[in-house]
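Just start13.cif here, mmCIF, C-alpha atoms and all ligand atoms:
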data_upload
#
loop_
_atom_site.label_atom_id
_atom_site.label_comp_id
_atom_site.auth_asym_id
_atom_site.auth_seq_id
_atom_site.Cartn_x
_atom_site.Cartn_y
_atom_site.Cartn_z
CA MET T 23 103.69 64.33 95.76
CA SER T 24 107.32 64.68 94.70
CA LYS T 25 110.58 63.59 96.25
CA ASP T 26 111.13 67.20 97.28
CA HIS T 27 109.16 66.47 100.42
CA LYS T 28 111.98 64.33 101.86
CA ALA T 29 112.86 65.76 105.24
CA THR T 30 116.57 65.38 104.45
CA THR T 31 116.50 68.01 101.71
CA SER T 32 118.04 71.26 102.91
CA ARG T 33 115.80 74.30 102.73
CA ARG T 34 117.81 75.92 99.96
CA GLY T 35 118.11 72.67 98.04
CA PHE T 36 114.41 72.12 98.50
CA LEU T 37 113.55 75.49 97.08
CA LYS T 38 115.82 74.97 94.11
CA SER T 39 114.36 71.62 93.14
CA ALA T 40 110.88 72.85 93.92
CA VAL T 41 111.25 75.50 91.23
CA ALA T 42 111.55 72.74 88.70
CA ALA T 43 108.70 70.77 90.25
CA GLY T 44 106.07 73.46 89.81
CA GLY T 45 103.61 75.58 91.76
CA ALA T 46 101.81 73.16 94.06
CA THR T 47 105.07 71.90 95.53
CA LEU T 48 106.29 75.43 96.03
CA ALA T 49 103.29 76.36 98.11
CA ALA T 50 103.81 73.32 100.34
CA GLY T 51 107.43 74.36 100.85
CA ALA T 52 106.28 77.57 102.52
CA ALA T 53 104.58 75.69 105.38
CA ARG T 54 105.91 74.11 108.61
CA GLY T 55 105.00 71.40 111.14
CA ALA T 56 102.34 71.69 113.86
CA GLU T 57 104.77 71.25 116.74
CA GLY T 58 104.70 74.06 119.31
CA ASP T 59 102.00 76.07 117.54
CA PRO T 60 98.93 76.59 119.76
CA ALA T 61 97.07 78.26 116.90
CA ILE T 62 96.65 74.81 115.36
CA LEU T 63 97.11 72.48 118.36
CA GLU T 64 94.50 74.16 120.58
CA LEU T 65 90.83 74.95 119.87
CA GLN T 66 90.34 78.69 119.44
CA GLU T 67 87.50 80.64 121.04
CA TRP T 68 85.61 80.96 117.76
CA ASN T 69 85.64 77.19 117.49
CA GLN T 70 83.70 76.83 120.75
CA VAL T 71 80.92 79.45 120.68
CA LEU T 72 77.97 79.88 118.35
CA GLY T 73 78.29 82.79 115.96
CA ASP T 74 75.89 85.41 114.61
CA GLY T 75 72.77 84.12 112.84
CA VAL T 76 71.80 84.85 109.27
CA ASP T 77 69.97 88.12 109.90
CA ALA T 78 72.69 89.80 111.96
CA ARG T 79 74.31 91.29 108.86
CA PRO T 80 71.67 92.15 106.24
CA TYR T 81 74.26 94.04 104.19
CA GLY T 82 77.67 92.43 104.64
CA THR T 83 80.85 94.30 105.52
CA PRO T 84 84.45 93.05 105.73
CA SER T 85 85.88 91.28 108.80
CA GLN T 86 86.85 93.52 111.73
CA TYR T 87 90.44 92.41 111.05
CA GLU T 88 90.34 94.10 107.64
CA ALA T 89 89.65 97.60 109.00
CA HIS T 90 92.99 98.84 107.60
CA VAL T 91 91.70 98.19 104.07
CA LYS T 92 90.35 101.62 103.30
CA ARG T 93 90.58 104.68 101.12
CA ARG T 94 93.11 107.20 102.37
CA SER T 95 93.80 110.83 101.49
CA VAL T 96 97.02 112.86 101.63
CA GLU T 97 96.80 115.78 104.04
CA TRP T 98 98.74 118.31 101.97
CA LEU T 99 96.65 117.46 98.89
CA THR T 100 93.41 118.04 100.77
CA ALA T 101 92.84 121.78 101.14
CA ASP T 102 89.12 121.08 101.51
CA PRO T 103 87.56 117.59 101.42
CA ILE T 104 84.66 118.98 99.35
CA SER T 105 86.99 119.33 96.36
CA SER T 106 89.60 116.66 96.81
CA VAL T 107 90.67 113.09 96.24
CA ASN T 108 91.31 109.91 98.18
CA PHE T 109 93.09 106.78 97.02
CA THR T 110 92.30 103.11 96.39
CA PRO T 111 94.29 100.75 98.69
CA LEU T 112 95.84 98.85 95.76
CA HIS T 113 98.31 97.05 98.06
CA GLU T 114 95.42 95.34 99.90
CA LEU T 115 93.62 94.04 96.80
CA ASP T 116 94.11 91.12 94.45
CA GLY T 117 92.57 89.97 91.18
CA ILE T 118 91.30 92.72 88.88
CA ILE T 119 88.04 94.02 90.40
CA THR T 120 88.02 96.95 92.84
CA PRO T 121 85.42 96.42 95.60
CA ASN T 122 82.84 99.20 95.58
CA GLY T 123 83.60 100.43 99.10
CA VAL T 124 87.26 101.23 98.34
CA CYS T 125 87.03 102.80 94.86
CA PHE T 126 88.95 106.10 95.07
CA GLU T 127 86.83 109.26 95.07
CA ARG T 128 87.41 112.54 93.29
CA HIS T 129 84.79 115.23 93.76
CA HIS T 130 84.86 118.90 92.80
CA GLY T 131 81.80 119.89 94.81
CA GLY T 132 81.17 117.07 97.25
CA ILE T 133 78.93 113.99 96.85
CA ALA T 134 75.49 114.72 95.40
CA GLU T 135 72.80 112.74 97.27
CA ILE T 136 70.21 112.16 94.55
CA ASP T 137 66.72 110.70 94.84
CA PRO T 138 66.52 108.53 91.70
CA ALA T 139 62.77 109.17 91.40
CA GLN T 140 63.59 112.87 90.93
CA HIS T 141 66.56 112.29 88.64
CA ARG T 142 66.36 113.08 84.92
CA LEU T 143 68.70 112.74 81.96
CA MET T 144 68.22 115.38 79.27
CA ILE T 145 69.54 115.25 75.71
CA ASN T 146 69.56 118.62 73.96
CA GLY T 147 71.40 120.69 71.35
CA LEU T 148 71.97 119.43 67.81
CA VAL T 149 69.38 116.63 67.91
CA GLU T 150 66.16 116.08 65.97
CA GLN T 151 64.19 115.86 69.20
CA GLU T 152 65.20 117.04 72.68
CA LEU T 153 64.45 114.29 75.20
CA VAL T 154 64.16 113.91 78.97
CA PHE T 155 64.48 110.41 80.47
CA THR T 156 63.46 109.19 83.90
CA MET T 157 65.41 106.28 85.38
CA GLN T 158 62.48 104.04 84.44
CA ASP T 159 62.60 105.23 80.82
CA LEU T 160 66.25 104.22 80.68
CA MET T 161 65.47 100.72 81.97
CA ARG T 162 63.67 99.96 78.67
CA TYR T 163 66.97 99.94 76.77
CA PRO T 164 69.15 96.88 76.18
CA ARG T 165 72.09 96.98 78.57
CA ASP T 166 75.67 95.74 78.55
CA ASN T 167 78.10 94.48 81.19
CA ARG T 168 81.71 95.58 80.74
CA VAL T 169 84.79 95.86 82.94
CA TYR T 170 86.80 99.08 82.67
CA PHE T 171 89.43 100.95 84.64
CA LEU T 172 88.89 104.60 85.49
CA GLU T 173 92.15 106.47 86.10
CA CYS T 174 92.33 110.14 87.00
CA ALA T 175 94.75 111.87 84.61
CA ALA T 176 96.49 113.24 87.73
CA ASN T 177 97.32 109.74 89.03
CA SER T 178 101.09 109.70 89.85
CA GLY T 179 101.12 113.44 89.13
CA MET T 180 102.95 114.13 92.40
CA GLU T 181 105.89 112.00 91.20
CA TRP T 182 106.97 114.12 88.19
CA ARG T 183 109.87 115.82 89.97
CA GLY T 184 111.05 112.78 91.91
CA ALA T 185 109.97 109.96 94.22
CA GLN T 186 107.64 111.49 96.75
CA LEU T 187 104.75 109.52 98.23
CA ASN T 188 105.53 106.33 100.11
CA GLY T 189 102.95 103.77 99.01
CA CYS T 190 101.31 102.58 95.80
CA GLN T 191 97.98 103.63 97.32
CA PHE T 192 99.21 107.24 97.04
CA THR T 193 101.42 107.05 93.94
CA HIS T 194 98.97 104.97 91.86
CA GLY T 195 95.67 104.79 93.77
CA MET T 196 93.62 107.22 91.63
CA ILE T 197 92.32 104.22 89.73
CA HIS T 198 89.55 101.67 90.10
CA ASN T 199 88.42 98.78 87.93
CA VAL T 200 84.75 97.90 87.97
CA MET T 201 82.17 95.92 86.01
CA TYR T 202 79.58 98.42 84.81
CA THR T 203 76.04 97.64 83.80
CA GLY T 204 74.76 100.34 81.52
CA ILE T 205 73.23 101.42 78.24
CA PRO T 206 75.44 102.11 75.23
CA LEU T 207 75.25 105.90 74.84
CA ARG T 208 74.77 105.37 71.10
CA TYR T 209 71.23 103.99 71.68
CA ILE T 210 70.20 107.11 73.58
CA LEU T 211 71.75 109.53 71.05
CA GLU T 212 70.11 107.62 68.19
CA THR T 213 66.71 107.92 69.87
CA ALA T 214 67.14 111.72 69.98
CA GLY T 215 68.48 111.68 66.40
CA LEU T 216 71.79 113.40 65.71
CA LYS T 217 71.81 116.34 63.29
CA THR T 218 74.43 116.13 60.52
CA ASN T 219 76.59 118.82 62.16
CA ALA T 220 76.62 116.97 65.53
CA LYS T 221 80.35 116.60 66.25
CA TRP T 222 80.75 116.84 70.04
CA ILE T 223 78.84 116.11 73.24
CA LEU T 224 79.00 117.92 76.57
CA PRO T 225 77.91 115.68 79.46
CA GLU T 226 77.02 117.59 82.66
CA GLY T 227 76.81 116.50 86.31
CA ALA T 228 73.97 117.17 88.75
CA ASP T 229 76.42 117.88 91.60
CA ALA T 230 77.33 121.31 92.99
CA SER T 231 80.31 121.48 90.61
CA GLY T 232 78.07 120.85 87.58
CA MET T 233 81.11 119.27 85.94
CA THR T 234 81.29 119.25 82.13
CA ARG T 235 83.73 117.91 79.50
CA SER T 236 83.68 118.01 75.68
CA ILE T 237 83.83 114.55 74.09
CA PRO T 238 84.04 113.91 70.32
CA ILE T 239 80.96 112.25 68.82
CA GLU T 240 83.03 109.32 67.45
CA LYS T 241 83.91 108.28 71.03
CA ALA T 242 80.33 108.87 72.22
CA LEU T 243 79.01 106.54 69.50
CA ASP T 244 81.80 103.98 69.93
CA ASP T 245 82.00 102.55 73.47
CA CYS T 246 80.63 105.13 75.93
CA MET T 247 77.96 103.91 78.32
CA VAL T 248 75.41 105.45 80.65
CA ALA T 249 75.93 103.22 83.69
CA PHE T 250 73.70 102.63 86.69
CA LYS T 251 75.31 99.58 88.30
CA MET T 252 78.88 98.82 89.43
CA ASN T 253 79.97 95.29 90.31
CA GLY T 254 76.33 94.20 90.19
CA GLU T 255 74.79 96.74 92.58
CA ALA T 256 73.64 100.33 92.23
CA LEU T 257 76.43 102.88 91.76
CA ARG T 258 77.62 104.19 95.11
CA PRO T 259 76.79 107.89 95.77
CA GLU T 260 80.57 108.53 95.70
CA GLN T 261 80.70 107.14 92.15
CA GLY T 262 77.75 109.09 90.73
CA TYR T 263 74.50 107.42 91.87
CA PRO T 264 72.15 106.99 90.14
CA LEU T 265 73.83 107.57 86.72
CA ARG T 266 77.37 108.08 85.45
CA LEU T 267 79.02 108.32 82.07
CA VAL T 268 81.59 105.61 81.29
CA VAL T 269 84.29 106.73 78.81
CA PRO T 270 86.48 103.61 78.42
CA GLY T 271 90.25 104.14 78.41
CA TRP T 272 89.97 107.95 78.63
CA GLU T 273 90.93 110.19 81.54
CA GLY T 274 88.69 109.92 84.62
CA ASN T 275 87.64 113.55 84.53
CA MET T 276 85.48 112.83 81.47
CA TRP T 277 83.45 110.13 83.28
CA ILE T 278 80.78 112.59 84.46
CA LYS T 279 79.08 111.44 87.66
CA TRP T 280 75.48 112.18 88.66
CA LEU T 281 74.87 112.59 84.91
CA ARG T 282 71.88 114.89 84.22
CA ARG T 283 72.32 116.35 80.74
CA ILE T 284 74.13 115.72 77.48
CA GLU T 285 74.31 118.64 75.08
CA VAL T 286 75.16 117.92 71.46
CA GLY T 287 77.18 120.55 69.58
CA ASP T 288 79.39 121.16 66.55
CA GLU T 289 82.60 122.15 68.38
CA PRO T 290 84.22 121.66 71.79
CA TRP T 291 83.15 124.03 74.58
CA HIS T 292 86.63 124.77 75.99
CA HIS T 293 85.39 124.65 79.57
CA ARG T 294 87.59 124.84 82.65
CA GLU T 295 88.45 121.13 82.84
CA GLU T 296 89.87 121.10 79.29
CA THR T 297 91.76 124.40 79.37
CA SER T 298 93.13 125.42 82.77
CA LYS T 299 92.98 121.82 84.06
CA TYR T 300 93.69 118.47 82.41
CA THR T 301 96.12 120.00 79.91
CA ASP T 302 99.89 119.48 79.98
CA LEU T 303 102.19 122.52 79.90
CA LEU T 304 105.31 121.50 77.99
CA GLU T 305 108.88 122.80 78.36
CA ASN T 306 108.48 125.15 75.33
CA GLY T 307 105.47 126.88 76.89
CA GLN T 308 102.92 125.13 74.68
CA ALA T 309 100.21 123.04 76.28
CA ARG T 310 99.09 119.62 75.11
CA ARG T 311 95.30 119.57 74.97
CA PHE T 312 92.67 116.87 74.53
CA THR T 313 95.06 114.13 75.67
CA TRP T 314 92.19 111.84 76.42
CA GLU T 315 93.65 108.33 76.22
CA MET T 316 95.39 106.86 79.23
CA ASP T 317 98.77 105.37 78.23
CA ALA T 318 99.79 101.87 79.30
CA LYS T 319 101.01 101.75 82.89
CA SER T 320 101.74 99.25 85.65
CA VAL T 321 102.78 99.14 89.29
CA ILE T 322 103.94 96.47 91.71
CA THR T 323 101.42 96.48 94.55
CA ASN T 324 103.16 93.86 96.75
CA PRO T 325 105.70 94.31 98.10
CA SER T 326 105.45 98.10 98.31
CA PRO T 327 106.01 100.70 101.05
CA GLN T 328 102.71 99.94 102.79
CA ALA T 329 103.13 96.18 102.26
CA PRO T 330 106.57 94.93 103.33
CA ILE T 331 107.78 91.35 102.88
CA LEU T 332 106.97 89.84 106.28
CA HIS T 333 107.93 86.19 105.75
CA GLY T 334 111.68 86.59 105.27
CA PRO T 335 113.92 85.25 102.50
CA GLY T 336 112.98 82.27 100.35
CA ARG T 337 110.01 81.80 98.10
CA THR T 338 108.45 85.20 97.44
CA THR T 339 105.52 86.35 95.31
CA ILE T 340 105.56 89.74 93.65
CA THR T 341 102.25 90.99 92.29
CA GLY T 342 100.87 94.07 90.62
CA VAL T 343 98.43 95.55 88.13
CA ALA T 344 98.72 96.89 84.58
CA TRP T 345 96.31 98.66 82.25
CA SER T 346 96.08 100.57 78.98
CA GLY T 347 93.51 103.00 77.58
CA ARG T 348 94.21 101.61 74.12
CA GLY T 349 93.55 97.91 74.59
CA SER T 350 94.66 94.95 76.65
CA ILE T 351 97.95 94.00 78.35
CA PRO T 352 99.43 90.84 76.83
CA ARG T 353 102.72 91.18 78.73
CA VAL T 354 104.31 92.70 81.81
CA ASP T 355 108.05 92.46 82.61
CA VAL T 356 109.39 92.51 86.15
CA THR T 357 112.93 93.29 87.32
CA ILE T 358 114.31 92.78 90.82
CA ASP T 359 117.68 94.48 90.12
CA GLY T 360 116.62 97.92 88.90
CA GLY T 361 116.33 96.98 85.24
CA LYS T 362 119.51 94.94 84.61
CA ASN T 363 117.50 91.76 84.02
CA TRP T 364 113.84 91.63 83.03
CA HIS T 365 111.59 88.59 83.49
CA ALA T 366 108.21 87.94 81.91
CA ALA T 367 105.56 88.09 84.64
CA ARG T 368 102.72 85.55 84.83
CA MET T 369 99.41 87.13 83.79
CA SER T 370 96.40 85.75 85.68
CA GLY T 371 92.71 86.58 85.47
CA PRO T 372 90.49 87.82 82.65
CA SER T 373 92.08 90.07 80.02
CA PHE T 374 89.62 92.74 78.86
CA ASP T 375 90.34 95.80 76.73
CA LYS T 376 90.75 98.99 78.80
CA SER T 377 90.61 97.01 82.02
CA MET T 378 93.10 96.20 84.76
CA HIS T 379 95.24 93.11 84.41
CA ARG T 380 96.85 91.18 87.26
CA PHE T 381 100.41 89.87 87.10
CA TYR T 382 102.60 87.76 89.37
CA TYR T 383 106.30 87.01 89.53
CA GLU T 384 107.44 84.24 91.86
CA PHE T 385 111.11 83.96 92.78
CA ASP T 386 113.55 82.85 95.50
CA TRP T 387 114.60 85.91 97.47
CA ASP T 388 118.15 85.59 98.83
CA GLY T 389 117.49 88.33 101.39
CA SER T 390 119.62 90.97 99.68
CA PRO T 391 118.16 94.40 98.77
CA LEU T 392 115.91 94.58 95.71
CA LEU T 393 115.08 97.29 93.18
CA LEU T 394 111.65 96.29 91.92
CA GLN T 395 110.07 97.60 88.74
CA SER T 396 107.33 96.50 86.35
CA ARG T 397 106.96 97.44 82.69
CA ALA T 398 103.69 97.04 80.79
CA HIS T 399 103.33 96.23 77.08
CA ASP T 400 99.90 96.89 75.58
CA SER T 401 98.15 95.25 72.66
CA THR T 402 99.18 98.09 70.30
CA GLY T 403 102.87 97.29 70.94
CA TYR T 404 103.39 100.38 73.14
CA VAL T 405 105.86 99.85 76.00
CA GLN T 406 105.61 101.74 79.30
CA PRO T 407 108.46 104.35 79.38
CA THR T 408 110.84 105.22 82.21
CA LYS T 409 110.17 108.38 84.20
CA ASN T 410 113.28 109.97 82.69
CA GLN T 411 112.09 109.26 79.15
CA LEU T 412 108.81 110.99 80.00
CA ARG T 413 110.67 113.99 81.41
CA GLU T 414 112.70 114.24 78.21
CA TRP T 415 109.53 114.30 76.13
CA ARG T 416 107.38 116.53 78.29
CA GLY T 417 109.58 118.47 80.70
CA LEU T 418 108.77 119.04 84.34
CA ASN T 419 105.72 121.33 84.15
CA SER T 420 103.29 118.44 83.77
CA ILE T 421 100.91 117.11 86.38
CA TYR T 422 98.89 114.75 84.25
CA HIS T 423 99.57 111.52 82.34
CA ASN T 424 102.60 110.32 84.28
CA ASN T 425 102.81 106.64 83.30
CA GLY T 426 106.53 106.20 84.00
CA ILE T 427 107.99 103.02 85.48
CA GLN T 428 107.80 102.95 89.30
CA THR T 429 110.72 101.68 91.43
CA TRP T 430 110.50 100.25 94.96
CA TYR T 431 113.69 99.68 96.96
CA VAL T 432 113.30 96.69 99.32
CA ASN T 433 115.90 96.36 102.10
CA GLU T 434 117.13 93.19 103.88
CA GLN T 435 114.23 93.41 106.35
CA GLY T 436 111.70 93.44 103.52
CA ILE T 437 110.79 97.12 104.07
CA ALA T 438 110.02 98.91 100.79
CA GLU T 439 110.56 102.54 99.86
CA ASN T 440 109.67 104.78 96.90
CA VAL T 441 112.89 105.56 94.98
CA GLU T 442 114.13 106.28 91.48
CA VAL T 443 117.00 104.74 89.57
CA SER T 444 118.72 106.74 86.85
N1 LIG R 1 79.79 115.40 88.21
C1 LIG R 1 81.07 115.15 88.45
N2 LIG R 1 81.69 114.19 87.73
C2 LIG R 1 82.99 113.90 87.94
C3 LIG R 1 83.75 114.61 88.91
C4 LIG R 1 83.07 115.61 89.68
O1 LIG R 1 83.64 116.27 90.56
N3 LIG R 1 81.74 115.84 89.42
N4 LIG R 1 85.10 114.34 89.04
C5 LIG R 1 85.75 113.74 87.87
C6 LIG R 1 87.12 113.31 88.08
S1 LIG R 1 88.32 114.51 88.02
C7 LIG R 1 87.46 111.98 88.18
S2 LIG R 1 89.08 111.49 88.25
C8 LIG R 1 86.41 110.94 88.27
C9 LIG R 1 86.56 110.20 89.59
O2 LIG R 1 85.62 109.17 89.67
P1 LIG R 1 85.41 108.39 91.05
O3 LIG R 1 85.05 109.41 92.11
O4 LIG R 1 84.39 107.35 90.79
O5 LIG R 1 86.74 107.75 91.39
O6 LIG R 1 85.10 111.46 88.19
C10 LIG R 1 84.95 112.57 87.32
N5 LIG R 1 83.56 112.90 87.21
MO MO R 2 90.38 113.49 87.82
#
Would you mind giving the structure from this file in structure tokens?
Ligand SMILES: Nc1nc2c(c(=O)[nH]1)N[C@H]1C(S)=C(S)[C@@H](COP(=O)(O)O)O[C@H]1N2
Ligand SMILES: [Mo]
Amino acid sequence: MSKDHKATTSRRGFLKSAVAAGGATLAAGAARGAEGDPAILELQEWNQVLGDGVDARPYGTPSQYEAHVKRRSVEWLTADPISSVNFTPLHELDGIITPNGVCFERHHGGIAEIDPAQHRLMINGLVEQELVFTMQDLMRYPRDNRVYFLECAANSGMEWRGAQLNGCQFTHGMIHNVMYTGIPLRYILETAGLKTNAKWILPEGADASGMTRSIPIEKALDDCMVAFKMNGEALRPEQGYPLRLVVPGWEGNMWIKWLRRIEVGDEPWHHREETSKYTDLLENGQARRFTWEMDAKSVITNPSPQAPILHGPGRTTITGVAWSGRGSIPRVDVTIDGGKNWHAARMSGPSFDKSMHRFYYEFDWDGSPLLLQSRAHDSTGYVQPTKNQLREWRGLNSIYHNNGIQTWYVNEQGIAENVEVS
């Protein structure tokens, strides 16, 4: 490889010249020699005994050493687990896909356990012909595969008044990003035949909460899907097995799980979840309503309060995720000094509309404290605002749609903390 490998080069000098030499050299610079390290010089136990055979694990689960990678809830947010939320461990993940077992859950009446043979989807209201589908009936339709994020509108809602929860799992973990297999809702509505005054739909869940939301017909006919698979396998019961509505880019509450009925109407229904909940009370006493689209947002997942820098100063990789309900994310900026200097992050992985994007920023950490932030730009030109800008626009009464820039303070030991800079 390059001359940077010369043993005479000082560590700092090595790192400096390695920056110019490119990625592969940098990675090599992070390693050391074998001397004095039994983990490489001696055979480990697992190297000397036969392991489990092929049938020991008919449905695979993660390594026992990954047991900390799990959904977590916040005690004071969980009055009753039947109507509550837990959070995706964003700081443990990489790439753009959320594994099915750690997708955050939000239920209003617990998880419905549905026998798919007894499950039906009904279309009624302003249609030429009311229809009832079995799961098998639905399998006759052409299906699509698309990757979308689902973000609860309340994600980061606890941070409106100031930095509060210590970990991106808790501040930003009401989001998952999954490849759905499903049927464009348009095909199903066209089979039933929309009447000319059909302007809205009301999807309804088969769970104890019987959740409903009004959705304009334009969105229903545009990119909504009736999904039955996530990341290649059946939806998990937590995510709406056997059928859920996918409403790309729009607030998670509208993605009705355990979908059993879609009513077609000529005006919105003004149900609970679009009046008393999922509306934003502004400073002047007026409430924003029908704020469906999720604004562009990003967060640094590593380092973060649950994921300190453990390797000490020197070459350091910052990573995070960004998304927008209006399109893709062509650019994310990262700052390590609280916004004095911004650097273009390196985007890596597929870039889909209304899907999570992964970014990286590699730099030489001198061991002094950091103020880390990321700022997303979406394909419409929208730039993620600061938290204070949001507060100016919307006051402090809001819970929902907090997409302000997150700050992590990292101390000399690499420990990170949730803070705000003014
Ligand atoms: N039937 C039904 N659908 C529902 C809910 C529910 O309680 N019941 N919760 C909604 C809310 S508020 C959100 S944020 C998302 C959460 O989806 P998830 O559990 O897959 O993360 O589902 C939505 N769909
Ligand atoms: Mo939600």
With all atoms listed in the file counted and 9 Å as the cut-off, give the residues of chain T in contact with ligand LIG 1 (chain R), each with its shortest interatomic distance in Å and the pair that gives it, as a tab-separated table.
residue	atom	partner	partner_atom	distance
T:Ser105	CA	R:LIG1	O1	7.4
T:Ser106	CA	R:LIG1	O1	8.6
T:Val107	CA	R:LIG1	O3	7.9
T:Asn108	CA	R:LIG1	O5	8.5
T:Phe109	CA	R:LIG1	O5	8.5
T:Thr110	CA	R:LIG1	O5	8.8
T:Cys125	CA	R:LIG1	O5	6.1
T:Phe126	CA	R:LIG1	O5	4.6
T:Glu127	CA	R:LIG1	O3	3.5
T:Arg128	CA	R:LIG1	O3	4.1
T:His129	CA	R:LIG1	O1	3.6
T:His130	CA	R:LIG1	O1	3.7
T:Gly131	CA	R:LIG1	O1	5.9
T:Gly132	CA	R:LIG1	O1	7.2
T:Ile133	CA	R:LIG1	N3	8.2
T:Ala134	CA	R:LIG1	N1	8.4
T:Leu172	CA	R:LIG1	O2	7.0
T:Glu173	CA	R:LIG1	S2	6.3
T:Cys174	CA	R:LIG1	S2	3.7
T:Ala175	CA	R:LIG1	S2	6.7
T:Ala176	CA	R:LIG1	S2	7.6
T:Asn177	CA	R:LIG1	S2	8.5
T:Met196	CA	R:LIG1	O5	6.9
T:Ile197	CA	R:LIG1	O5	6.8
T:His198	CA	R:LIG1	O5	6.8
T:Pro225	CA	R:LIG1	N1	9.0
T:Glu226	CA	R:LIG1	N1	6.6
T:Gly227	CA	R:LIG1	N1	3.7
T:Ala228	CA	R:LIG1	N1	6.1
T:Asp229	CA	R:LIG1	N1	5.4
T:Ala230	CA	R:LIG1	N3	7.9
T:Ser231	CA	R:LIG1	N3	5.9
T:Gly232	CA	R:LIG1	N1	5.7
T:Met233	CA	R:LIG1	N1	4.7
T:Thr234	CA	R:LIG1	N1	7.4
T:Arg258	CA	R:LIG1	O4	8.6
T:Glu260	CA	R:LIG1	O3	5.8
T:Gln261	CA	R:LIG1	O4	3.9
T:Gly262	CA	R:LIG1	O4	6.9
T:Arg266	CA	R:LIG1	N2	7.8
T:Leu267	CA	R:LIG1	N5	8.2
T:Glu273	CA	R:LIG1	S2	7.1
T:Gly274	CA	R:LIG1	S2	4.0
T:Asn275	CA	R:LIG1	C6	3.6
T:Met276	CA	R:LIG1	C10	5.9
T:Trp277	CA	R:LIG1	N5	4.8
T:Ile278	CA	R:LIG1	N2	3.8
T:Lys279	CA	R:LIG1	N2	3.8
T:Trp280	CA	R:LIG1	N1	5.4
T:Leu281	CA	R:LIG1	N1	6.6
T:Arg282	CA	R:LIG1	N1	8.9
T:Glu295	CA	R:LIG1	S1	8.4
T:Tyr300	CA	R:LIG1	S1	8.7
Query raised in the report: Suppose you want the space between atom CA of T:Thr83 and atom CA of T:Asn122; what is it in Å?
Result: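 Calculated distance between atom CA of T:Thr83 and atom CA of T:Asn122 is 11.3 Å.
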Query raised in the report: In Å, with one decimal, what is the gap from atom CA of T:Ile340 to atom CA of T:Pro352?
Result: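 About the pair atom CA of T:Ile340 and atom CA of T:Pro352: they are 17.9 Å apart.
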Report summary line: One decimal place gives the atom CA of T:Cys246-atom CA of T:Arg168 separation as 10.7 Å
Requested in this report: List the neighbours of T:Trp415 out to 10 Å using all atoms listed in the file; skip same-chain residues closer than 4 positions along the sequence, and give me the result as number ranges by chain.
Outcome: T: 304-305, 410-411
Requested in this report: For each of T:Val91, T:Val441, T:Val432, T:Leu63, take the minimum atom-to-atom distance to T:Gly334, counting all atoms listed in the file, then give the residue where this is smallest.
Outcome: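 Using all atoms listed in the file, T:Gly334 sits closest to T:Val432.
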Query raised in the report: Skipping near chain neighbours, those fewer than 2 positions away, what residues fall within 8 Å of T:Pro270 using only C-alpha atoms, listed as a list in words?
Result: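 In the requested form, the answer reads Tyr170, Phe171, Leu172, Asp245, Cys246, Val268, Trp272, Gly347 and Lys376 of chain T.
With all atoms listed in the file taken into account, the protein and nucleic acid residues at most 7 Å from T:Asp386 (excluding it and anything under 3 positions from it in its own chain) are Gly336, Arg337 and Thr338 of chain T.
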Query raised in the report: Which of these residues is nearest to ligand MO 2 (chain R), using all atoms listed in the file: T:Arg235, T:Arg79, T:Arg283, T:Lys251?
Result: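 Among the listed residues, T:Arg235 lies closest to ligand MO 2 (chain R).
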Requested in this report: Mind checking which residues fall within 9 Å of stretch 344-346 of chain T, counting all atoms listed in the file, ignoring those fewer than 6 positions away in the same chain, and posting them as a list in words?
Outcome: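 Once the adjacent positions are removed, what remains is Phe171, Gly271, Glu315, Met316, Asp317, Ala318, Lys319, Ser320, Val321, Ile322, Val354, Asp375, Lys376, Ser377, Met378, His379, Arg380, Phe381, Ser396, Arg397, Ala398, His399, Asp400 and Ser401 of chain T.
For T:Thr323, the set of protein, DNA and RNA residues having any atom at most 8 Å away, when counting all atoms listed in the file and skipping those fewer than 5 positions along the same chain, is Leu112, His113, Cys190, Ala329, Ile340, Thr341, Gly342 and Val343 of chain T.
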